[in-house]
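**Student:** Right, I'll just put the structure down here and ask away after.
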Amino acid sequence: MKALITMMAMLAATMSAAVAQNVQTVEQANAALVKVAQDRAAITDEYAASERECSARFFVNNCLDKAKEKRRAALAEVRVREVDAEHFKRADSVAKRDADLADRARKDADEAMLRAAQPPKAPKEEHEAAKPSSGPRLADREAQHEAKLKRQEAEDAANAAKRSANVTAFERKQAESERRQKEVARKKAENEEKAKQAAARAEADKKKAAAQQAASAPAK
């Protein structure tokens, strides 16, 4: 229970720190994502080193539990910063697309006003076939924009599923590593206990042989 409370306090502290450091520009978001990748690699390396160190200790399980708790808290803090940076980049991308669409709509409206202000053409030109527009219509651009947004959402969903699968695989690998560490610790404890018992038996046999030798020796 005490370890759980400590872990929750650490998570709360890291969440607060991450919120206080929200990115404000795309450059900051990109830099934050680079730092996230570096920190995640460092956390993995640190935990691997802790596993090796714990395997050499007598209380292996207790040592591994502490290392695992530290890793979980660190990964949670890293994930908060990663989500914050990715959210800012997506929001910035949507804002830029919306601004571009609004700018194009404004230009189309200006062009329409200019055409309406022009004097009517001569009667002989009224029956001429209308020339096709040199560019896509506003409705077409809006449809293209909507399709692009849907593709982006689909890509985001696919990436989220891929990240979830990676996390699951990583956790499964960590669980297997912990199981092996526990098995090593159990065998080590058994071997140490057997060694102690063997040493005790050898000492007892030695004392018994000495006592027998003393009893069989002729009295002086």
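Scheme for the structure tokens: letters A, B, ... for chains in order shown; per-chain residue numbers from 1; ligand numbers from 1 in order shown.
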Do you know which residues are at most 8 Å from Arg81 (chain A) counting only C-alpha atoms, after dropping those on the same chain fewer than 4 positions away, and could you put them as a VMD selection string?
**Tutor:** chain A and resid 18 22 32 to 33 36 77 85
**Student:** Find the spatial neighbours of Arg52 (chain A), counting only C-alpha atoms, within a cut-off of 12 Å - ignore same-chain residues fewer than 6 positions away - and output them as a PyMOL selection string.
**Tutor:** chain A and resi 45-46+60+63-64+67+177-178+181+184-185
**Student:** If you take only C-alpha atoms and a cut-off of 12 Å, which residues of region 54-101 of chain A touch region 156-167 of chain A, and what are their nearest atom pairs and distances in Å to one decimal, in chain and number order, as a Markdown table?
**Tutor:**
```
| residue | atom | partner | partner_atom | distance |
| --- | --- | --- | --- | --- |
| A:Leu75 | CA | A:Val167 | CA | 11.1 |
| A:Arg79 | CA | A:Val167 | CA | 11.4 |
| A:Val83 | CA | A:Ala160 | CA | 11.2 |
| A:Glu86 | CA | A:Asp156 | CA | 10.5 |
| A:His87 | CA | A:Asp156 | CA | 11.1 |
| A:Arg90 | CA | A:Asp156 | CA | 9.6 |
```
**Student:** Pick out the closest residue to Arg72 (chain A) from this set: A:Glu176, A:Glu190, A:Glu183, A:Glu171. Count only C-alpha atoms.
**Tutor:**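 Under the stated criterion, the closest residue is A:Glu171.
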**Student:** Env of Ala139 (chain A): 12 Å cut, atoms = only C-alpha atoms, seq-sep filter 5 positions within chain, self excluded. Answer as a ChimeraX atom specification.
**Tutor:** /A:101,104-105,108,144-146
**Student:** What lies within 12 Å of Lys187 (chain A) using only C-alpha atoms, ignoring chain neighbours under 5 positions off, as a list in words?
**Tutor:** Ser55, Phe58, Val60, Arg180, Gln181, Lys182, Glu192, Glu193 and Lys194 of chain A
**Student:** Would you mind telling me which residue in A:Asp65, A:Val23, A:Ser93, A:Lys208 lies nearest to Val80 (chain A) when using only C-alpha atoms?
**Tutor:**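 The closest residue to Val80 (chain A) is A:Val23.
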**Student:** To one decimal place in Å, what is the distance between CA of Ala49 (chain A) and CA of Ala189 (chain A)?
**Tutor:**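 Separating CA of Ala49 (chain A) from CA of Ala189 (chain A) is a distance of 21.5 Å.
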**Student:** Have a look at CA of Ala95 (chain A) and CA of Arg141 (chain A) and let me know their distance in Å, one decimal.
**Tutor:**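 Computing the Euclidean distance for CA of Ala95 (chain A) and CA of Arg141 (chain A) yields 16.2 Å.
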